[in-house]
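Below you'll find the structure, written out as C-alpha cells, and then a few comments.
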Amino acid sequence: RGWTTFESAVSTEALARLAYFPGLGKLLEERLTPKVVEIDGAGPRVAEMEDRADEGMGPRNKRVIAAIEAASFTGKGDKPVVVQLYRDYATKVNNAMVASGEAQEGEYEGERNAAGEREGRGVYRYADGD
C-alpha cells in the first residue's frame with residue numbers, strides 16, 4: 001500500500017537524518033519522549049533506525065522512492081504526488097536540522113595552501129553524502 005509506505009518513511013525521516021547531527025539527536029533524546037512506536041511483534045516498542053550513517057542519505061532516499069513507486073495506490077494520480085510529498089518533507093526536515101546550528105561533519109578533498117587550509121579547487125563532502 002502506497003500511503004502506508006509514505007507514512008512509514010516520513011515518520012522515520014528525522015530519525016535517519018539525526019545520524020548526521022549527533023548533538024541535536026542527543027538533545028532531542030534527553031528532552032523529548034519518543035514519538036514513533038512500532039506496534040508489530042510481541043508488544044509496542046520505540047522505533048529505532050538501522051545505523052546506515054556511513055552510506056549517506058542518498059541511498060535511503062532512493063530506497064524510499066523506489067518503495068513508493070513499487071507500491072499500489074487506489075487513486076491514479078497518487079503515486080507521483082506521494083513521491084513529491086516525500087521529497088518535499090525530506091527537504092524540510094533536513095533544512096530544519098541544518099538551521100539548528102550544529103555543523104555537519106565532512107571531508108575536504110582538494111588543494112591546500114602552505115598553512116594547510118583549503119584553498120583553490122576542491123570538494124567538500126558532508127557526512128550525509130551530499
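Labels for the C-alpha cells follow display order: chains A, B, ..., residues from 1 in each chain, ligands from 1.
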Exercise for review: Give the alpha helix (DSSP H) residues of segment 31-122 of chain A, as DSSP finds them on the backbone, and put them as a PyMOL selection string.
Suggested key: chain A and resi 31+57-70+78-98
Point to revise | Near-Trp3 of chain A list (9 Å; only C-alpha atoms; drop same-chain fewer than 3 positions) as an NGL selection string | key: :A and (6-8 or 68 or 71-73 or 78-79 or 82)
Practice item. Identify which of the residues A:Ala103, A:Ala42, A:Ala115, A:Val123 lies closest to Phe21 of chain A, counting only C-alpha atoms when measuring atom-to-atom distances. Key: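 For Phe21 of chain A, the nearest of the given residues is A:Ala103.
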Review point. So what do you get for atom CA of Tyr86 of chain A versus atom CA of Asn61 of chain A, distance-wise?
Key: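 About the pair atom CA of Tyr86 of chain A and atom CA of Asn61 of chain A: they are 8.9 Å apart.
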Exercise for review: From a DSSP calculation on the backbone, collect every residue of chain A in strand (DSSP E or B) and output the set as a list of chain:residue names.
Suggested key: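 Here is the list: A:Val37, A:Glu38, A:Arg45, A:Val46, A:Gly106, A:Glu107, A:Tyr108, A:Glu109, A:Gly110, A:Glu111, A:Arg112, A:Arg118, A:Glu119, A:Gly120, A:Arg121, A:Gly122, A:Val123, A:Tyr124, A:Arg125, A:Tyr126.
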Practice item. For Ala96 of chain A, work out the shell of residues within 12 Å, counting only C-alpha atoms and skipping chain neighbours fewer than 5 positions away, then give it as an NGL selection string. Key: :A and (14 or 17-18 or 21 or 24 or 89-91 or 101-102)
Exercise for review: Find the distance between atom CA of Pro22 of chain A and atom CA of Val37 of chain A and write it in Å to one decimal.
Suggested key: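 So the answer is 21.0 Å.
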Exercise for review: Compare A:Val81, A:Leu15, A:Ala99, A:Ala9 by their minimum atom-to-atom distance to Ala47 of chain A, counting only C-alpha atoms, and give me the closest one.
Suggested key: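 The shortest atom-to-atom distance to Ala47 of chain A comes from A:Leu15.
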Practice item. Quick one: everything within 8 Å of segment 106-109 of chain A, counting only C-alpha atoms, minus sequence neighbours fewer than 2 positions away in the same chain. Send it as a ChimeraX atom specification. Key: /A:104,111,118,122-127
Check your understanding: atom CA of Val10 of chain A and atom CA of Met57 of chain A, how far apart in Å?
Key ->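 Answer for the atom CA of Met57 of chain A to atom CA of Val10 of chain A separation: 13.6 Å.
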